[in-house]
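One file, work00.txt, carrying compact mmCIF, C-alpha atoms and all ligand atoms:
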# COMPACT_ATOMS: atom_id res chain seq x y z
CA MET A 1 150.33 52.34 95.42
CA SER A 2 147.39 50.42 96.85
CA ILE A 3 145.13 51.73 99.60
CA ASP A 4 144.03 49.46 102.39
CA PRO A 5 140.19 49.79 102.53
CA SER A 6 140.15 48.88 106.20
CA SER A 7 141.89 52.17 106.95
CA ALA A 8 138.52 53.91 106.47
CA PHE A 9 137.39 52.37 109.76
CA GLN A 10 140.41 53.58 111.67
CA VAL A 11 139.82 57.28 111.14
CA LYS A 12 138.82 58.95 114.37
CA VAL A 13 135.26 60.15 114.53
CA GLN A 14 134.97 63.93 114.67
CA LEU A 15 133.11 64.73 117.86
CA GLU A 16 130.42 67.40 117.92
CA ALA A 17 131.74 70.77 118.96
CA GLU A 18 131.32 71.55 122.63
CA PRO A 19 128.51 73.95 123.53
CA ASN A 20 129.81 77.49 123.53
CA GLY A 21 126.78 79.41 124.75
CA LYS A 22 126.00 80.83 121.33
CA GLU A 23 123.50 78.17 120.39
CA PRO A 24 120.19 79.90 119.62
CA CYS A 25 118.31 77.57 121.94
CA LEU A 26 120.34 78.64 124.95
CA GLY A 27 119.20 82.25 124.97
CA GLY A 28 120.84 84.82 127.18
CA GLN A 29 123.38 87.46 126.40
CA LEU A 30 125.45 85.35 124.03
CA GLN A 31 122.51 84.27 121.93
CA ASP A 32 123.11 84.68 118.21
CA LYS A 33 120.44 86.72 116.46
CA ALA A 34 118.77 86.33 113.13
CA VAL A 35 118.20 89.24 110.78
CA TRP A 36 114.63 89.75 109.61
CA VAL A 37 112.83 92.22 107.36
CA ASP A 38 109.39 93.44 108.34
CA GLU A 39 108.02 93.30 104.81
CA SER A 40 104.82 95.03 105.84
CA ILE A 41 106.84 98.25 106.25
CA CYS A 42 109.53 97.73 103.55
CA ILE A 43 109.19 100.19 100.67
CA GLY A 44 111.37 98.18 98.29
CA CYS A 45 114.09 100.82 97.91
CA ARG A 46 116.73 98.07 97.56
CA TYR A 47 119.39 99.81 99.66
CA CYS A 48 119.89 96.81 101.93
CA ALA A 49 120.17 94.42 98.97
CA HIS A 50 122.89 96.59 97.46
CA VAL A 51 124.93 96.59 100.66
CA ALA A 52 124.62 93.03 102.01
CA THR A 53 124.18 91.26 98.70
CA ASN A 54 124.39 87.73 100.13
CA THR A 55 121.75 88.38 102.76
CA PHE A 56 118.95 90.47 101.25
CA VAL A 57 117.10 90.01 97.97
CA ILE A 58 114.10 91.80 96.59
CA GLU A 59 111.36 89.23 96.51
CA PRO A 60 110.19 89.22 92.85
CA HIS A 61 106.43 89.02 93.41
CA LEU A 62 106.00 91.56 96.19
CA GLY A 63 108.97 93.82 95.42
CA ARG A 64 109.99 93.88 99.09
CA SER A 65 113.26 92.88 100.67
CA ARG A 66 113.67 89.44 102.22
CA VAL A 67 116.51 87.72 104.04
CA ILE A 68 117.61 84.66 102.09
CA ARG A 69 120.33 83.43 104.45
CA GLN A 70 121.68 84.24 107.87
CA ASP A 71 125.36 83.59 107.28
CA GLY A 72 125.81 85.28 103.92
CA ASP A 73 127.57 88.45 105.09
CA SER A 74 129.51 89.61 108.11
CA PHE A 75 127.71 91.10 111.09
CA GLU A 76 129.25 94.48 110.28
CA LEU A 77 128.01 94.44 106.69
CA ILE A 78 124.51 93.44 107.73
CA GLN A 79 124.57 96.16 110.35
CA GLU A 80 125.59 98.63 107.65
CA ALA A 81 122.67 97.46 105.50
CA ILE A 82 120.33 97.95 108.45
CA GLY A 83 121.65 101.48 108.76
CA THR A 84 120.72 102.29 105.17
CA CYS A 85 117.07 101.35 105.58
CA PRO A 86 115.01 104.55 105.40
CA VAL A 87 112.02 103.06 107.22
CA ASN A 88 113.87 101.01 109.87
CA CYS A 89 112.20 97.75 109.00
CA ILE A 90 115.22 95.43 109.37
CA HIS A 91 115.61 93.92 112.82
CA TRP A 92 117.73 91.48 114.76
CA VAL A 93 115.40 88.87 116.24
CA ALA A 94 115.75 85.58 118.06
CA PHE A 95 116.04 82.59 115.72
CA GLU A 96 113.07 80.99 117.43
CA LYS A 97 110.86 83.93 116.42
CA LEU A 98 111.46 83.59 112.67
CA ASP A 99 108.69 81.07 111.99
CA GLU A 100 106.17 83.07 113.98
CA LEU A 101 107.13 86.31 112.23
CA ARG A 102 106.92 84.63 108.84
CA SER A 103 103.43 83.35 109.63
CA GLN A 104 102.33 86.82 110.71
CA LEU A 105 103.54 88.29 107.42
CA GLU A 106 101.76 85.63 105.38
CA ALA A 107 98.53 86.41 107.20
CA LEU A 108 98.76 90.06 106.11
CA ASP A 109 98.32 89.27 102.41
CA LEU A 110 100.72 92.03 101.35
CA GLN A 111 100.34 93.79 98.02
CA ASP A 112 102.90 93.97 95.26
CA LEU A 113 104.76 97.28 95.57
CA GLY A 114 105.02 97.50 91.80
CA LYS A 115 101.29 97.78 91.36
CA LEU A 116 98.92 100.52 92.30
CA PRO A 117 96.66 99.69 95.20
CA GLN A 118 93.33 98.31 94.16
CA VAL A 119 90.44 100.66 94.64
CA SER A 120 86.85 99.89 94.20
CA ARG A 121 85.44 101.24 90.95
CA ARG A 122 83.12 104.14 91.19
CA VAL A 123 79.72 103.67 89.76
CA LYS A 124 79.02 106.38 87.21
CA ARG A 125 75.88 108.16 88.07
CA ASN A 126 73.78 109.83 85.52
CA ILE A 127 73.78 113.54 86.55
CA SER A 128 70.39 114.12 84.99
CA ASP A 129 68.75 111.78 87.53
S1 LIG B 1 116.47 99.17 102.90
FE1 LIG B 1 114.60 98.82 104.08
S2 LIG B 1 112.96 99.67 102.84
FE2 LIG B 1 114.73 99.47 101.50
S3 LIG B 1 114.44 97.45 100.53
FE3 LIG B 1 115.75 97.13 102.33
S4 LIG B 1 114.29 96.60 103.96
FE4 LIG B 1 113.11 97.52 102.32

Represent the structure from my file as structure tokens, please.
Amino acid sequence: MSIDPSSAFQVKVQLEAEPNGKEPCLGGQLQDKAVWVDESICIGCRYCAHVATNTFVIEPHLGRSRVIRQDGDSFELIQEAIGTCPVNCIHWVAFEKLDELRSQLEALDLQDLGKLPQVSRRVKRNISD
């Protein structure tokens, strides 16, 4: 059976879906939200990553949770993960805020949770002085 190559040009073009009010740029009550972890507060307990496994991962360098995708788990599962967080550092935010929030976190220069905080060394004083 031969296929007529010209048939490729006869397929109807799929039109873009009509606006439904859930586009992030439209705002308002129907606005979809993005999930975001405030890593400055996260204690790295991993609860969220065990519940919504397609959404949260523990970032290997800092040991804190981070959202890797927004459509990995159902809203209910993400909400359940939020409920497990002992320090309430997972939030629903507007998509448009993500870049700004990410920049704010980068500016904090967070420390690795797996390491002890750096303290300045004490200078040993000779008691006999
Ligand atoms: S549950 Fe909260 S504190 Fe624990 S890893 Fe997730 S975001 Fe961090």

Point out the residue among A:Glu39, A:Glu18, A:Asp73, A:Glu80 with the least atom-to-atom distance to ligand LIG 1 (chain B), counting all atoms listed in the file.
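Of all the options, A:Glu39 lies closest to ligand LIG 1 (chain B).
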
Residues up to 7 Å from ligand LIG 1 (chain B), counting all atoms listed in the file: could you list those as number ranges by chain?
A: 37, 42-49, 58, 64-65, 81-82, 84-90

From the options A:Val67, A:Leu113, A:Val51, A:Leu108, which residue's atoms come nearest to Gln79 (chain A), counting all atoms listed in the file?
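Between A:Val67, A:Leu113, A:Val51, A:Leu108, the residue approaching Gln79 (chain A) most closely is A:Val51.
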
To one decimal place, how far is CA of Ile68 (chain A) from CA of Phe56 (chain A) in Å?
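Calculated distance between CA of Ile68 (chain A) and CA of Phe56 (chain A) is 6.0 Å.
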
Can you measure CA of Gly114 (chain A) to CA of Pro60 (chain A) for me? One decimal in Å is fine.
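Pair CA of Gly114 (chain A) / CA of Pro60 (chain A) returns 9.8 Å.
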
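With CA of Glu100 (chain A) on one side and CA of Phe75 (chain A) on the other, the separation reads 23.2 Å.
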
Kindly indicate which residue among A:Val35, A:His50, A:Trp92, A:Asp4 lies nearest to Arg69 (chain A), using only C-alpha atoms for the distances.
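Of the candidates, the smallest distance to Arg69 (chain A) is held by A:Val35.
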
Around (110.7, 83.3, 118.8), as given in the file, which residues come within 12 Å? Count all atoms listed in the file and list them as a list in words.
Pro24, Cys25, Gly27, Lys33, Ala34, Trp36, Trp92, Val93, Ala94, Phe95, Glu96, Lys97, Leu98, Asp99, Glu100, Leu101, Arg102 and Ser103 of chain A

Dump as a PDB file, in the frame of the given file, selection limited to C-alpha atoms:
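File produced: again-v6.pdb:
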ATOM      1  CA  PRO A  24     120.190  79.900 119.620  1.00  0.00           C
ATOM      2  CA  CYS A  25     118.310  77.570 121.940  1.00  0.00           C
ATOM      3  CA  GLY A  27     119.200  82.250 124.970  1.00  0.00           C
ATOM      4  CA  LYS A  33     120.440  86.720 116.460  1.00  0.00           C
ATOM      5  CA  ALA A  34     118.770  86.330 113.130  1.00  0.00           C
ATOM      6  CA  TRP A  36     114.630  89.750 109.610  1.00  0.00           C
ATOM      7  CA  TRP A  92     117.730  91.480 114.760  1.00  0.00           C
ATOM      8  CA  VAL A  93     115.400  88.870 116.240  1.00  0.00           C
ATOM      9  CA  ALA A  94     115.750  85.580 118.060  1.00  0.00           C
ATOM     10  CA  PHE A  95     116.040  82.590 115.720  1.00  0.00           C
ATOM     11  CA  GLU A  96     113.070  80.990 117.430  1.00  0.00           C
ATOM     12  CA  LYS A  97     110.860  83.930 116.420  1.00  0.00           C
ATOM     13  CA  LEU A  98     111.460  83.590 112.670  1.00  0.00           C
ATOM     14  CA  ASP A  99     108.690  81.070 111.990  1.00  0.00           C
ATOM     15  CA  GLU A 100     106.170  83.070 113.980  1.00  0.00           C
ATOM     16  CA  LEU A 101     107.130  86.310 112.230  1.00  0.00           C
ATOM     17  CA  ARG A 102     106.920  84.630 108.840  1.00  0.00           C
ATOM     18  CA  SER A 103     103.430  83.350 109.630  1.00  0.00           C
TER      19      SER A 103
END

Report, as JSON, the axis-aligned box around all atoms of region 80-94 of chain A present in the file, extended by 5 Å on each side; give centre and edge lengths in Å to one decimal place.
{"center_x": 118.8, "center_y": 95.1, "center_z": 111.6, "size_x": 23.6, "size_y": 29.0, "size_z": 22.9}

Would you mind putting N, CA and C atoms back on region 39-54 of chain A and writing the result as a PDB file, keeping the file's coordinate frame?
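Listed below is the output, selection_14.pdb:
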ATOM      1  N   GLU A  39     108.427  92.982 106.185  1.00  0.00           N
ATOM      2  CA  GLU A  39     108.020  93.300 104.810  1.00  0.00           C
ATOM      3  C   GLU A  39     106.752  94.144 104.758  1.00  0.00           C
ATOM      4  N   SER A  40     106.027  94.206 105.844  1.00  0.00           N
ATOM      5  CA  SER A  40     104.820  95.030 105.840  1.00  0.00           C
ATOM      6  C   SER A  40     105.172  96.517 105.829  1.00  0.00           C
ATOM      7  N   ILE A  41     106.402  96.840 106.212  1.00  0.00           N
ATOM      8  CA  ILE A  41     106.840  98.250 106.250  1.00  0.00           C
ATOM      9  C   ILE A  41     107.802  98.554 105.106  1.00  0.00           C
ATOM     10  N   CYS A  42     108.528  97.537 104.621  1.00  0.00           N
ATOM     11  CA  CYS A  42     109.530  97.730 103.550  1.00  0.00           C
ATOM     12  C   CYS A  42     108.916  98.461 102.358  1.00  0.00           C
ATOM     13  N   ILE A  43     109.667  99.430 101.830  1.00  0.00           N
ATOM     14  CA  ILE A  43     109.190 100.190 100.670  1.00  0.00           C
ATOM     15  C   ILE A  43     109.900  99.763  99.382  1.00  0.00           C
ATOM     16  N   GLY A  44     110.729  98.730  99.487  1.00  0.00           N
ATOM     17  CA  GLY A  44     111.370  98.180  98.290  1.00  0.00           C
ATOM     18  C   GLY A  44     112.423  99.077  97.666  1.00  0.00           C
ATOM     19  N   CYS A  45     113.091  99.880  98.464  1.00  0.00           N
ATOM     20  CA  CYS A  45     114.090 100.820  97.910  1.00  0.00           C
ATOM     21  C   CYS A  45     115.367 100.110  97.462  1.00  0.00           C
ATOM     22  N   ARG A  46     115.601  98.913  97.953  1.00  0.00           N
ATOM     23  CA  ARG A  46     116.730  98.070  97.560  1.00  0.00           C
ATOM     24  C   ARG A  46     118.071  98.445  98.188  1.00  0.00           C
ATOM     25  N   TYR A  47     118.105  99.420  99.059  1.00  0.00           N
ATOM     26  CA  TYR A  47     119.390  99.810  99.660  1.00  0.00           C
ATOM     27  C   TYR A  47     120.070  98.632 100.346  1.00  0.00           C
ATOM     28  N   CYS A  48     119.305  97.913 101.155  1.00  0.00           N
ATOM     29  CA  CYS A  48     119.890  96.810 101.930  1.00  0.00           C
ATOM     30  C   CYS A  48     120.459  95.741 100.995  1.00  0.00           C
ATOM     31  N   ALA A  49     119.745  95.463  99.902  1.00  0.00           N
ATOM     32  CA  ALA A  49     120.170  94.420  98.970  1.00  0.00           C
ATOM     33  C   ALA A  49     121.430  94.828  98.212  1.00  0.00           C
ATOM     34  N   HIS A  50     121.671  96.131  98.112  1.00  0.00           N
ATOM     35  CA  HIS A  50     122.890  96.590  97.460  1.00  0.00           C
ATOM     36  C   HIS A  50     124.090  96.559  98.393  1.00  0.00           C
ATOM     37  N   VAL A  51     123.826  96.588  99.686  1.00  0.00           N
ATOM     38  CA  VAL A  51     124.930  96.590 100.660  1.00  0.00           C
ATOM     39  C   VAL A  51     125.290  95.154 101.059  1.00  0.00           C
ATOM     40  N   ALA A  52     124.368  94.419 101.584  1.00  0.00           N
ATOM     41  CA  ALA A  52     124.620  93.030 102.010  1.00  0.00           C
ATOM     42  C   ALA A  52     124.002  92.102 100.958  1.00  0.00           C
ATOM     43  N   THR A  53     124.734  91.932  99.885  1.00  0.00           N
ATOM     44  CA  THR A  53     124.180  91.260  98.700  1.00  0.00           C
ATOM     45  C   THR A  53     123.928  89.762  98.906  1.00  0.00           C
ATOM     46  N   ASN A  54     124.600  89.168  99.886  1.00  0.00           N
ATOM     47  CA  ASN A  54     124.390  87.730 100.130  1.00  0.00           C
ATOM     48  C   ASN A  54     123.318  87.471 101.172  1.00  0.00           C
TER      49      ASN A  54
END
